[in-house]
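For reference, the structure is listed below as structure tokens.
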Amino acid sequence: MKKIFGLVLCLTMMASLLVGCSSKANDTSSNKAKTPTTAATTGGNGYATNATYAIIVKSAGNPYNQKQIEGYKQVIEENGGKCVIQEPKSATAEDQITCINNAIAQGVDCIAIAANDTDALEPALIEAKNQGIHVLSFDSSTNANSRKVFVNQAGTTQIAQALMDAILDISGGSGDWAVLSAASTATNQNAWIDGMKTVMQDSKYSKLNLIGVYYGDDEYQASCDQTEAILAADPDIKVICAPTTVGIMAAAKVLQDKGLSGKVKLTGLGLPSEMADYIGDDDQHSCPYMFLWNPIQLGNLAAYTSISLVNGTITGAADQSFTVPDMTLGDNGSYKITAAADGGTEIILGAPFKFEPSNIAEWAKVY
């Protein structure tokens with residue numbers, strides 16, 4: 001009886017470890033089709049590895065996250081490593097902690113995480129570091145204590161400036177506007193919004209009135225509901241800015257379905273493939289233009305950084321430089337680690353890219 005009880009207890013613990021987190025280990029035999037714009041170039045340059053790397057995204061079922069996974073997995077496997085994919089069932093710190101513990105239990109060599117919360121993940125990530133696991137964040141950062149380096153898609157100030165200038169332009173220089181964000185704890189969202197509020201202090205934005213920040217939790221229906229809430233709160237709203245790929249797609253559909261595209265406009269950060277039907281400079285389209293970076297390349301860079309940490313090429317300290325074999329990244333593949341605003345360090349992928357009517361169809365075929 002004791003043996004049976006012990007077996008049941010063991011199985012229960014294993015099941016609880018997996019609740020809230022889907023984990024997939026990928027072998028190196030998968031046939032990966034690549035395009036010239038997203039393919040990672042393999043070869044020497046110190047990136048050969050046989051280690052195991054875990055990538056933890058914000059949530060399962062998010063197309064933006066899937067592209068990050070694609071880029072990360074591609075580089076890891078092409079250089080000889082094993083990629084373990086962790087996808088939380090919801091965009092919460094709790095589910096990510098489950099994923100971190102799962103990765104620790106699997107004995108991975110490195111964890112790359114897009115954080116759902118700045119501070120709540122710290123105990124679990126410190127435990128990973130104590131187990132000898134290299135930890136870095138990408139896309140949305142942990143606090144500085146929890147990571148060796150943050151792989152940032154673009155500088156916070158660059159993104160904030162681009163979005164505020166878009167709001168100024170699209171609004172005609174004045175009027176009410178609102179932010180449709182993801183989760184209230186999302187570190188990247190909050191950093192960009194704070195940056196936008198700082199940019200707004202310039203007198204040229206003085207005629208713009210931010211009515212509030214609304215949170216759709218990076219869930220499609222919740223983002224639709226919050227768009228409706230914005231419209232109900234202010235019938236005179238001129239621009240909605242959604243710095244989240246889920247939010248901008250939801251808002252775009254609501255505006256076009258309600259026939260409001262000629263009155264209320266939208267901008268933010270979106271995936272070209274999801275937003276192609278909504279980008280246009282006429283009254284039939286809700287979004288004149290938007291921005292993003294290539295999430296596949298963000299995954300590529302996070303993977304190169306992961307391998308570099310495991311191989312000892314970098315430690316994550318400021319002023320270190322390294323070169324990745326994909327010359328489409330950075331300055332012909334060159335990157336420098338710099339000090340981040342939170343006291344840690346970061347690597348910046350590049351400036352945000354503008355998607356508009358003249359190029360949206362081309363980019364929609366890419367990602």
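Residues are named by chain letter and number: chains run A, B, ... in the order of the structure tokens, numbers start at 1 in each chain, and ligands are numbered from 1 in the order shown.
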Need the shell around A:Lys253: protein/DNA/RNA residues with any atom at most 12 Å away, counting only C-alpha atoms. Skip same-chain ones fewer than 2 positions apart. Format as a PyMOL selection string? chain A and resi 220-221+223-225+227-228+246-251+255-261+265-266+274-279+284-287
I'd like the neighbourhood of A:Met200 as a PyMOL selection string, where a residue qualifies if any of its atoms comes within 10 Å (using only C-alpha atoms), though same-chain residues fewer than 3 positions away should be ignored. chain A and resi 160-161+164-165+168+194-197+203-210
DSSP on the backbone: what in stretch 232-280 of chain A comes out strand (DSSP E), as a PDB file with N, CA, C and O atoms, in the first residue's frame?
```pdb
ATOM      1  N   VAL A 239      -8.177  58.726 -31.861  1.00  0.00           N
ATOM      2  CA  VAL A 239      -7.156  57.709 -32.144  1.00  0.00           C
ATOM      3  C   VAL A 239      -7.069  56.731 -30.985  1.00  0.00           C
ATOM      4  O   VAL A 239      -7.085  57.127 -29.814  1.00  0.00           O
ATOM      5  N   ILE A 240      -6.966  55.450 -31.337  1.00  0.00           N
ATOM      6  CA  ILE A 240      -6.636  54.408 -30.358  1.00  0.00           C
ATOM      7  C   ILE A 240      -5.247  53.901 -30.710  1.00  0.00           C
ATOM      8  O   ILE A 240      -4.979  53.568 -31.871  1.00  0.00           O
ATOM      9  N   CYS A 241      -4.369  53.837 -29.730  1.00  0.00           N
ATOM     10  CA  CYS A 241      -3.027  53.302 -29.929  1.00  0.00           C
ATOM     11  C   CYS A 241      -2.915  51.981 -29.179  1.00  0.00           C
ATOM     12  O   CYS A 241      -3.073  51.944 -27.959  1.00  0.00           O
ATOM     13  N   ALA A 242      -2.657  50.907 -29.913  1.00  0.00           N
ATOM     14  CA  ALA A 242      -2.558  49.571 -29.318  1.00  0.00           C
ATOM     15  C   ALA A 242      -1.149  49.018 -29.542  1.00  0.00           C
ATOM     16  O   ALA A 242      -0.859  48.486 -30.615  1.00  0.00           O
ATOM     17  N   LYS A 265      -9.459  56.414 -35.736  1.00  0.00           N
ATOM     18  CA  LYS A 265      -8.324  55.750 -36.367  1.00  0.00           C
ATOM     19  C   LYS A 265      -7.490  55.002 -35.340  1.00  0.00           C
ATOM     20  O   LYS A 265      -7.587  55.227 -34.131  1.00  0.00           O
ATOM     21  N   LEU A 266      -6.642  54.142 -35.861  1.00  0.00           N
ATOM     22  CA  LEU A 266      -5.878  53.220 -35.032  1.00  0.00           C
ATOM     23  C   LEU A 266      -4.427  53.193 -35.472  1.00  0.00           C
ATOM     24  O   LEU A 266      -4.119  53.309 -36.655  1.00  0.00           O
ATOM     25  N   THR A 267      -3.533  53.055 -34.503  1.00  0.00           N
ATOM     26  CA  THR A 267      -2.128  52.775 -34.800  1.00  0.00           C
ATOM     27  C   THR A 267      -1.567  51.955 -33.642  1.00  0.00           C
ATOM     28  O   THR A 267      -2.251  51.699 -32.658  1.00  0.00           O
ATOM     29  N   GLY A 268      -0.322  51.538 -33.766  1.00  0.00           N
ATOM     30  CA  GLY A 268       0.288  50.729 -32.712  1.00  0.00           C
ATOM     31  C   GLY A 268       1.294  49.753 -33.272  1.00  0.00           C
ATOM     32  O   GLY A 268       1.992  50.051 -34.243  1.00  0.00           O
TER      33      GLY A 268
END
```
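Going from atom CA of A:Thr98 over to atom CA of A:Cys21, you cover 6.3 Å.
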For atom CA of A:Gly212 and atom CA of A:Ala166, determine how far apart the two atoms are, in Å to one decimal place. 17.5 Å
Pick out the closest residue to A:Gly330 from this set: A:Gln96, A:Ser273, A:Gln201, A:Gln297. Count only C-alpha atoms. A:Gln297
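For the set A:Ile113, A:Ala91, A:Ile348, A:Leu301, the residue with the smallest atom-to-atom gap to A:Asn62 is A:Ala91, counting only C-alpha atoms.
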Hey, what's within 12 Å of A:Cys83 if we count only C-alpha atoms and toss same-chain stuff fewer than 6 positions away? As a ChimeraX atom specification, please? /A:23-28,30,49-56,69-77,103,106,108-112,303,306-307
Include N, CA, C and O atoms and write out the residues we just selected as a CSV table (one decimal), in the first residue's frame.
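Result written to again_18.csv:
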```
chain,number,residue,atom,x,y,z
A,23,SER,N,4.6,22.1,-22.8
A,23,SER,CA,6.1,22.0,-23.1
A,23,SER,C,6.3,21.1,-24.2
A,23,SER,O,5.7,20.0,-24.3
A,24,LYS,N,7.1,21.5,-25.2
A,24,LYS,CA,7.4,20.7,-26.3
A,24,LYS,C,8.9,20.7,-26.6
A,24,LYS,O,9.5,21.8,-26.7
A,25,ALA,N,9.5,19.5,-26.6
A,25,ALA,CA,10.9,19.4,-27.0
A,25,ALA,C,11.0,19.1,-28.5
A,25,ALA,O,10.3,18.2,-28.9
A,26,ASN,N,11.8,19.8,-29.2
A,26,ASN,CA,11.9,19.6,-30.6
A,26,ASN,C,13.2,18.9,-31.0
A,26,ASN,O,14.3,19.3,-30.6
A,27,ASP,N,13.1,17.9,-31.9
A,27,ASP,CA,14.3,17.2,-32.3
A,27,ASP,C,14.9,18.0,-33.5
A,27,ASP,O,14.3,19.0,-33.9
A,28,THR,N,16.0,17.6,-34.0
A,28,THR,CA,16.7,18.4,-35.0
A,28,THR,C,16.4,17.9,-36.4
A,28,THR,O,17.0,18.3,-37.4
A,30,SER,N,13.5,18.1,-38.0
A,30,SER,CA,12.3,18.7,-38.7
A,30,SER,C,12.8,19.5,-39.9
A,30,SER,O,13.9,20.1,-40.0
A,49,THR,N,26.8,24.0,-30.7
A,49,THR,CA,26.4,23.7,-29.3
A,49,THR,C,25.7,22.4,-29.3
A,49,THR,O,25.1,22.0,-30.3
A,50,ASN,N,25.7,21.7,-28.2
A,50,ASN,CA,24.9,20.5,-28.0
A,50,ASN,C,24.1,20.6,-26.7
A,50,ASN,O,23.6,19.6,-26.1
A,51,ALA,N,23.9,21.9,-26.2
A,51,ALA,CA,23.2,22.1,-25.0
A,51,ALA,C,21.7,22.2,-25.3
A,51,ALA,O,21.2,22.1,-26.4
A,52,THR,N,20.9,22.2,-24.2
A,52,THR,CA,19.4,22.3,-24.2
A,52,THR,C,19.0,23.7,-23.8
A,52,THR,O,19.4,24.2,-22.8
A,53,TYR,N,18.1,24.3,-24.6
A,53,TYR,CA,17.7,25.7,-24.5
A,53,TYR,C,16.1,25.7,-24.4
A,53,TYR,O,15.4,25.2,-25.2
A,54,ALA,N,15.6,26.4,-23.3
A,54,ALA,CA,14.2,26.5,-23.2
A,54,ALA,C,13.8,28.0,-23.5
A,54,ALA,O,14.4,28.9,-23.1
A,55,ILE,N,12.7,28.1,-24.3
A,55,ILE,CA,12.1,29.4,-24.6
A,55,ILE,C,10.7,29.4,-23.9
A,55,ILE,O,9.9,28.5,-24.2
A,56,ILE,N,10.5,30.4,-23.1
A,56,ILE,CA,9.2,30.6,-22.5
A,56,ILE,C,8.6,31.9,-23.0
A,56,ILE,O,9.1,33.0,-22.7
A,69,ILE,N,9.0,31.9,-31.3
A,69,ILE,CA,9.5,30.5,-31.1
A,69,ILE,C,10.1,30.0,-32.4
A,69,ILE,O,11.2,29.3,-32.4
A,70,GLU,N,9.5,30.3,-33.5
A,70,GLU,CA,10.1,29.9,-34.8
A,70,GLU,C,11.5,30.3,-35.0
A,70,GLU,O,12.4,29.5,-35.4
A,71,GLY,N,11.8,31.6,-34.7
A,71,GLY,CA,13.1,32.2,-34.9
A,71,GLY,C,14.1,31.6,-33.9
A,71,GLY,O,15.2,31.3,-34.3
A,72,TYR,N,13.7,31.4,-32.7
A,72,TYR,CA,14.5,30.8,-31.6
A,72,TYR,C,14.9,29.4,-31.9
A,72,TYR,O,16.1,29.0,-31.9
A,73,LYS,N,13.9,28.6,-32.2
A,73,LYS,CA,14.1,27.2,-32.5
A,73,LYS,C,15.0,27.0,-33.7
A,73,LYS,O,15.8,26.1,-33.7
A,74,GLN,N,14.8,27.8,-34.7
A,74,GLN,CA,15.6,27.7,-36.0
A,74,GLN,C,17.1,27.8,-35.7
A,74,GLN,O,17.8,26.9,-36.1
A,75,VAL,N,17.5,28.8,-34.9
A,75,VAL,CA,18.9,29.0,-34.7
A,75,VAL,C,19.4,27.9,-33.8
A,75,VAL,O,20.5,27.4,-34.0
A,76,ILE,N,18.7,27.6,-32.7
A,76,ILE,CA,19.2,26.6,-31.8
A,76,ILE,C,19.4,25.2,-32.5
A,76,ILE,O,20.5,24.6,-32.3
A,77,GLU,N,18.5,24.8,-33.3
A,77,GLU,CA,18.6,23.5,-33.9
A,77,GLU,C,19.6,23.5,-35.0
A,77,GLU,O,20.3,22.5,-35.2
A,103,ALA,N,11.1,23.8,-16.7
A,103,ALA,CA,12.4,23.8,-17.4
A,103,ALA,C,13.6,23.4,-16.5
A,103,ALA,O,14.5,22.7,-16.9
A,106,GLN,N,13.7,19.7,-16.2
A,106,GLN,CA,14.2,19.1,-17.4
A,106,GLN,C,15.7,19.3,-17.5
A,106,GLN,O,16.3,18.7,-18.5
A,108,VAL,N,17.6,22.0,-18.3
A,108,VAL,CA,18.0,22.8,-19.5
A,108,VAL,C,19.3,23.6,-19.1
A,108,VAL,O,19.6,23.8,-17.9
A,109,ASP,N,20.0,24.0,-20.1
A,109,ASP,CA,21.2,24.8,-19.8
A,109,ASP,C,20.9,26.3,-19.9
A,109,ASP,O,21.7,27.1,-19.4
A,110,CYS,N,19.8,26.7,-20.5
A,110,CYS,CA,19.5,28.1,-20.6
A,110,CYS,C,18.0,28.3,-20.7
A,110,CYS,O,17.3,27.5,-21.3
A,111,ILE,N,17.5,29.4,-20.1
A,111,ILE,CA,16.1,29.8,-20.2
A,111,ILE,C,16.0,31.2,-20.8
A,111,ILE,O,16.7,32.1,-20.3
A,112,ALA,N,15.3,31.4,-21.9
A,112,ALA,CA,15.0,32.7,-22.5
A,112,ALA,C,13.5,32.9,-22.3
A,112,ALA,O,12.7,32.1,-22.7
A,303,ALA,N,18.2,33.5,-29.5
A,303,ALA,CA,18.9,32.2,-29.6
A,303,ALA,C,20.4,32.4,-29.6
A,303,ALA,O,21.1,31.7,-29.0
A,306,SER,N,21.6,33.3,-26.3
A,306,SER,CA,21.5,32.1,-25.4
A,306,SER,C,22.8,31.2,-25.6
A,306,SER,O,23.4,30.8,-24.6
A,307,ILE,N,23.1,31.0,-26.9
A,307,ILE,CA,24.2,30.1,-27.2
A,307,ILE,C,25.5,30.8,-26.7
A,307,ILE,O,26.4,30.2,-26.1
```
Could you please determine the separation between atom CA of A:Ile97 and atom CA of A:Ala115 in Å, to one decimal place? 10.1 Å
Which of A:Gly61, A:Gly344, A:Gly216, A:Gly81 sits closest to A:Phe150 [using only C-alpha atoms]: A:Gly344
Compile the contact shell of A:Lys148 as a PDB file with all heavy atoms, in the first residue's frame: residues with an atom at most 6 Å away, counting only C-alpha atoms, same-chain residues fewer than 5 positions apart removed.
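part_17.pdb written:
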```pdb
ATOM      1  N   VAL A 135      20.076  32.578 -17.653  1.00  0.00           N
ATOM      2  CA  VAL A 135      18.751  33.172 -17.816  1.00  0.00           C
ATOM      3  C   VAL A 135      18.866  34.510 -18.546  1.00  0.00           C
ATOM      4  O   VAL A 135      19.664  35.367 -18.161  1.00  0.00           O
ATOM      5  CB  VAL A 135      18.057  33.393 -16.457  1.00  0.00           C
ATOM      6  CG1 VAL A 135      16.724  34.113 -16.658  1.00  0.00           C
ATOM      7  CG2 VAL A 135      17.847  32.064 -15.729  1.00  0.00           C
ATOM      8  N   LEU A 136      18.089  34.661 -19.601  1.00  0.00           N
ATOM      9  CA  LEU A 136      17.966  35.952 -20.263  1.00  0.00           C
ATOM     10  C   LEU A 136      16.501  36.207 -20.542  1.00  0.00           C
ATOM     11  O   LEU A 136      15.697  35.273 -20.620  1.00  0.00           O
ATOM     12  CB  LEU A 136      18.750  35.981 -21.581  1.00  0.00           C
ATOM     13  CG  LEU A 136      18.256  35.061 -22.705  1.00  0.00           C
ATOM     14  CD1 LEU A 136      18.402  35.738 -24.057  1.00  0.00           C
ATOM     15  CD2 LEU A 136      19.041  33.753 -22.700  1.00  0.00           C
ATOM     16  N   GLY A 316      27.002  38.863 -20.491  1.00  0.00           N
ATOM     17  CA  GLY A 316      25.884  39.770 -20.332  1.00  0.00           C
ATOM     18  C   GLY A 316      26.278  41.115 -19.765  1.00  0.00           C
ATOM     19  O   GLY A 316      25.432  41.983 -19.543  1.00  0.00           O
TER      20      GLY A 316
END
```
Those of stretch 107-315 of chain A in DSSP helix (DSSP H, G or I), formatted as a ChimeraX atom specification: /A:122-130,144-146,156-171,187-199,203-205,220-233,245-257,272-275,295-311
Write out as a ChimeraX atom specification which residues come within 9 Å of stretch 349-366 of chain A when counting only C-alpha atoms, dropping same-chain ones fewer than 6 positions away. /A:35,37-38,151-155,158-159,162,270-276,279-281,287-294,297-298,301,329-330,335
Selected residues written out with C-alpha atoms, as a compact mmCIF listing (two decimals), in the first residue's frame:
```txt
# COMPACT_ATOMS: atom_id res chain seq x y z
CA THR A 35 12.87 32.67 -46.74
CA THR A 37 14.37 37.59 -45.03
CA THR A 38 14.18 35.27 -42.01
CA VAL A 151 17.23 41.06 -25.70
CA ASN A 152 15.15 44.13 -26.51
CA GLN A 153 13.23 44.39 -29.78
CA ALA A 154 13.79 48.15 -29.98
CA GLY A 155 14.77 50.96 -27.65
CA GLN A 158 12.45 54.81 -30.09
CA ILE A 159 9.12 53.01 -29.81
CA ALA A 162 7.38 56.58 -33.12
CA GLY A 270 0.92 44.72 -35.22
CA LEU A 271 1.74 41.68 -37.33
CA PRO A 272 1.53 42.47 -41.06
CA SER A 273 -0.18 39.17 -41.89
CA GLU A 274 -2.94 39.90 -39.38
CA MET A 275 -3.35 43.59 -40.21
CA ALA A 276 -3.21 43.59 -44.03
CA ILE A 279 -4.13 49.06 -43.29
CA GLY A 280 -5.18 51.88 -45.59
CA ASP A 281 -5.31 55.66 -45.90
CA CYS A 287 -5.33 51.82 -39.48
CA PRO A 288 -3.36 54.25 -41.69
CA TYR A 289 -0.07 52.71 -40.59
CA MET A 290 1.56 50.84 -37.72
CA PHE A 291 4.94 49.61 -36.53
CA LEU A 292 6.70 46.45 -35.44
CA TRP A 293 9.95 44.59 -35.79
CA ASN A 294 10.47 41.10 -37.10
CA GLN A 297 14.54 37.89 -35.99
CA LEU A 298 13.93 38.71 -32.32
CA LEU A 301 18.84 37.10 -31.72
CA LEU A 329 20.71 41.30 -38.06
CA GLY A 330 22.13 44.36 -36.34
CA TYR A 335 25.89 43.88 -31.49
```
